[in-house]
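J.: Sending over a structure as structure tokens; questions will come in a sec.
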Amino acid sequence: MSRAFLVVMDSVGIGGAPDAGRFFNGDVPDTGANTVAHIAQACAQGLAEDGRSGPLNVPNLDALGLGAAVRLASGDATPGLDAQPTGLWGCARELSTGKDTPSGHWELAGLPVPWDWRFFPDTQPAFPSDVSRAAAEAAGTEGILGNCHASGTAIIADLGAEHMRSGWPICYTSADSVFQIAAHEEGFGLDRLLDMCKALAPRLHEMKVGRVIARPFVGSPEDGFTRTTNRKDFAIVPPAPVLTNWVQDAGHRVHAVGKIGDIFSMQGIDTLRKGSDADLMGHLSDLVDEAEEGSLTFANFVEFDSLYGHRRDISGYARALEWFDREIGAILQKLRPDDLLLLTADHGNDPSWPGTDHTREQVPVLVAGAGVGQIGQISFADVAASIAHHLNIPAQGPGKSFL
């Protein structure tokens with residue numbers, strides 16, 4: 001019996017989607033954004049030399065078809081990524097009208113989002129007064145700090161000291177459909193922060209806000225503040241069965257790695273392993289050794305996005321890609337003959353682009369364990385249908401298998 005490993009390289013986009021002109025970073029449309037190509041070009045030009053040097057070096061991803069997928073999606077130059085693919089490869093476009101984590105992951109799992117998400121305006125205040133009051137009530141405070149669009153690291157630097165003085169939670173949003181709450185793990189309390197998010201989530205979900213996110217941090221005004229790995233997303237439950245449910249309904253187990261459990265509200269998930277991306281790679285490696293026949297392992301590696309894409313750090317993003325390539329190369333060597341490993345992404349986050357938000361992009365689909373060849377241009381939902389086909393289980397939704 002076969003096993004499947006679906007690995008999402010969060011934000012590793014490969015060129016503007018056909019509708020990218022409808023999505024913006026500030027006043028700049030996402031047309032022309034290309035996370036991988038622009039990183040490769042910057043590396044080749046010597047513009048990404050912080051902690052690394054030279055052309056982008058990702059031989060394992062390129063051998064699976066990364067460079068070829070970028071060129072198929074966009075036609076953009078990919079210096080250093082010119083391997084002849086030895087895997088099954090292509091690129092995917094999203095139907096859902098978002099460039100956010102839930103939209104991308106739900107659709108990769110076979111369910112295009114059936115509604116328009118609620119986004120908060122880039123004004124100050126950003127939140128309706130009743131939402132702000134509800135947040136303060138959930139925290140047991142007289143008010144909230146922030147109430148604006150902000151970078152998560154910047155806002156704790158700006159408001160961390162005031163948060164510790166007043167005890168008020170820091171509430172902010174972004175171009176995604178999110179309500180984020182930052183609080184000090186010790187001064188405010190991690191359990192209190194999680195309870196606040198849990199209490200507030202149903203109200204935000206009714207508004208079709210996709211996630212309420214707990215963003216705990218530690219530190220002091222004197223030494224600075226740092227976010228911890230205890231982030232937790234309280235996401236809307238998918239309104240219909242997704243890939244994880246299909247696998248469970250067929251009598252097999254589903255292992256989640258990273259924030260997959262949060263994204264799907266633990267629907268259809270048997271085990272969950274979390275941590276930093278380095279921790280997650282260890283968990284993925286262990287599951288390649290240990291996962292049961294017929295099982296699905298669904299992993300998300302978020303630090304491309306959270307540490308480098310949003311911060312527009314080209315060198316950091318390149319380092320992360322090179323690290324991931326080395327690690328995934330070792331995992332590829334351990335796959336069993338009937339295993340399938342599919343690498344993809346959920347959206348883009350071009351670190352060369354204006355602004356700090358995600359970019360609306362196509363994504364790579366790189367498959368080990370299913371032969372060699374081009375699958376062409378597919379939809380996100382085809383990923384779920386293909387994994388279901390590999391596992392010999394019934395699929396639902398609009399996707400079609402490319403296997």
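The way I read the labels, and the way they are meant: chains A, B, ... in the order of the structure tokens, residue 1 as the first residue of every chain, and ligand 1 as the first ligand shown, with later ones counted on from there.
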Hey, which bits of region 195-307 of chain A sit within 10 Å of region 322-337 of chain A, and for each residue what's the closest pair of atoms and how far apart in Å (one decimal), counting only C-alpha atoms, rows by chain and increasing number, as a Markdown table?

T.:
```
| residue | atom | partner | partner_atom | distance |
| --- | --- | --- | --- | --- |
| A:Asp277 | CA | A:Phe324 | CA | 9.1 |
| A:Ala278 | CA | A:Phe324 | CA | 9.1 |
| A:Met281 | CA | A:Glu327 | CA | 7.3 |
| A:Gly282 | CA | A:Glu327 | CA | 9.2 |
| A:Leu284 | CA | A:Ile331 | CA | 8.2 |
| A:Ser285 | CA | A:Ile331 | CA | 6.1 |
| A:Asp286 | CA | A:Ile331 | CA | 9.5 |
| A:Val288 | CA | A:Leu335 | CA | 6.6 |
| A:Asp289 | CA | A:Lys334 | CA | 7.6 |
| A:Phe301 | CA | A:Phe324 | CA | 9.2 |
| A:Phe304 | CA | A:Phe324 | CA | 9.7 |
```

J.: I need the helix (DSSP H, G or I) residues of region 159-313 of chain A per DSSP on the backbone, written as a PyMOL selection string.

T.: chain A and resi 159-166+185-206+243-249+260-263+277-290+303-309

J.: Skipping near chain neighbours, those fewer than 2 positions away, what residues fall within 10 Å of Leu159 (chain A) using only C-alpha atoms, listed as a list in words?

T.: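 Surrounding residues, per the criterion: Leu145, Gly146, Ala154, Ile155, Ile156, Ala157, Ala161, Glu162, His163, Met164, Arg165, Pro169, Ile170, Ala182 and Pro221 of chain A.
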
J.: Would you mind listing what lies within 9 Å of region 368-385 of chain A as number ranges by chain, with only C-alpha atoms counted and same-chain residues fewer than 2 positions away left out?

T.: A: 6, 64-65, 69, 72-73, 85-95, 104-112, 242-243, 332, 335-344, 346, 363, 365-366, 387-390, 394-403

J.: Considering only C-alpha atoms, return as a count of residues only whatever protein or nucleic-acid residues lie within 10 Å of Asn57 (chain A), sequence-local ones (same chain, fewer than 3 positions apart) excluded.

T.: 17

J.: Set the distance at 10 Å and use only C-alpha atoms: which residues neighbour Val247 (chain A) once local chain neighbours fewer than 6 positions away are removed? I'd like the list as a PyMOL selection string.

T.: chain A and resi 253-254+268-269+294-296+387-388+391-395

J.: Calculated over only C-alpha atoms, which of the candidates A:Val367, A:Val302, A:Ala4, A:Ile213 has the smallest distance to Gly348 (chain A)?

T.: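 Of all the options, A:Val302 lies closest to Gly348 (chain A).
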
J.: Pick out the residues sitting within 10 Å of Ser74 (chain A), and hand them over as a VMD selection string; count only C-alpha atoms, and ignore anything fewer than 2 positions along from it in its own chain.

T.: chain A and resid 14 to 18 32 to 34 37 69 to 72 76 to 77 91 361 to 362

J.: Could the residues in this selection be saved with N, CA and C atoms as an mmCIF file, in the first residue's frame?

T.:
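And here's again03.cif as it stands now:
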```
data_model
loop_
_atom_site.group_PDB
_atom_site.id
_atom_site.type_symbol
_atom_site.label_atom_id
_atom_site.label_comp_id
_atom_site.auth_asym_id
_atom_site.auth_seq_id
_atom_site.Cartn_x
_atom_site.Cartn_y
_atom_site.Cartn_z
ATOM 1 N N ILE A 14 5.879 31.169 -8.041
ATOM 2 C CA ILE A 14 6.731 31.103 -9.237
ATOM 3 C C ILE A 14 6.216 31.973 -10.377
ATOM 4 N N GLY A 15 5.519 33.058 -10.053
ATOM 5 C CA GLY A 15 5.118 33.985 -11.112
ATOM 6 C C GLY A 15 3.675 34.403 -10.983
ATOM 7 N N GLY A 16 3.396 35.650 -11.326
ATOM 8 C CA GLY A 16 2.071 36.223 -11.159
ATOM 9 C C GLY A 16 0.978 35.387 -11.790
ATOM 10 N N ALA A 17 -0.102 35.172 -11.037
ATOM 11 C CA ALA A 17 -1.265 34.475 -11.565
ATOM 12 C C ALA A 17 -1.941 35.335 -12.628
ATOM 13 N N PRO A 18 -2.785 34.725 -13.471
ATOM 14 C CA PRO A 18 -3.455 35.519 -14.506
ATOM 15 C C PRO A 18 -4.269 36.682 -13.958
ATOM 16 N N GLY A 32 3.453 40.587 -12.308
ATOM 17 C CA GLY A 32 4.910 40.549 -12.461
ATOM 18 C C GLY A 32 5.661 40.052 -11.254
ATOM 19 N N ALA A 33 4.986 39.868 -10.115
ATOM 20 C CA ALA A 33 5.658 39.293 -8.948
ATOM 21 C C ALA A 33 6.110 37.869 -9.278
ATOM 22 N N ASN A 34 7.272 37.482 -8.753
ATOM 23 C CA ASN A 34 7.776 36.130 -8.990
ATOM 24 C C ASN A 34 8.801 35.818 -7.906
ATOM 25 N N ALA A 37 11.878 33.361 -9.118
ATOM 26 C CA ALA A 37 12.696 33.942 -10.191
ATOM 27 C C ALA A 37 13.437 35.178 -9.718
ATOM 28 N N ALA A 69 9.419 24.721 -13.866
ATOM 29 C CA ALA A 69 8.083 25.164 -13.490
ATOM 30 C C ALA A 69 7.977 26.688 -13.498
ATOM 31 N N VAL A 70 9.037 27.366 -13.021
ATOM 32 C CA VAL A 70 9.032 28.834 -13.053
ATOM 33 C C VAL A 70 8.918 29.321 -14.490
ATOM 34 N N ARG A 71 9.696 28.739 -15.382
ATOM 35 C CA ARG A 71 9.669 29.179 -16.781
ATOM 36 C C ARG A 71 8.325 28.872 -17.437
ATOM 37 N N LEU A 72 7.720 27.738 -17.078
ATOM 38 C CA LEU A 72 6.397 27.416 -17.611
ATOM 39 C C LEU A 72 5.355 28.414 -17.134
ATOM 40 N N ASP A 76 9.905 33.829 -17.007
ATOM 41 C CA ASP A 76 10.987 34.631 -16.442
ATOM 42 C C ASP A 76 12.291 33.840 -16.390
ATOM 43 N N ALA A 77 13.404 34.557 -16.459
ATOM 44 C CA ALA A 77 14.722 33.933 -16.390
ATOM 45 C C ALA A 77 14.962 33.363 -15.003
ATOM 46 N N CYS A 91 2.910 23.555 -12.821
ATOM 47 C CA CYS A 91 2.562 24.708 -11.993
ATOM 48 C C CYS A 91 1.049 24.750 -11.825
ATOM 49 N N GLU A 361 0.386 34.627 -6.818
ATOM 50 C CA GLU A 361 1.244 33.922 -7.762
ATOM 51 C C GLU A 361 0.767 32.499 -8.018
ATOM 52 N N GLN A 362 1.239 31.954 -9.112
ATOM 53 C CA GLN A 362 1.154 30.529 -9.344
ATOM 54 C C GLN A 362 2.179 29.824 -8.444
#
```

J.: Given the choices A:Arg312, A:Lys198, A:Arg273, A:Arg360, which gets closest to Ala256 (chain A) if the distance is worked out from only C-alpha atoms?

T.: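 Of A:Arg312, A:Lys198, A:Arg273, A:Arg360, the one nearest Ala256 (chain A), counting only C-alpha atoms, is A:Arg273.
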
J.: Provide the CA of Ala20 (chain A) to CA of Asp357 (chain A) distance in Å, to one decimal place.

T.: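 One can read the CA of Ala20 (chain A) to CA of Asp357 (chain A) distance as 13.3 Å.
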
J.: Identify which of the residues A:Glu292, A:Asp233, A:Glu142, A:Asp191 lies closest to Ile260 (chain A), counting only C-alpha atoms when measuring atom-to-atom distances.

T.: A:Asp233

J.: Please compute the CA of Met1 (chain A)-CA of Met266 (chain A) distance, one decimal, in Å.

T.: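 According to the coordinates, CA of Met1 (chain A) and CA of Met266 (chain A) are separated by 25.0 Å.
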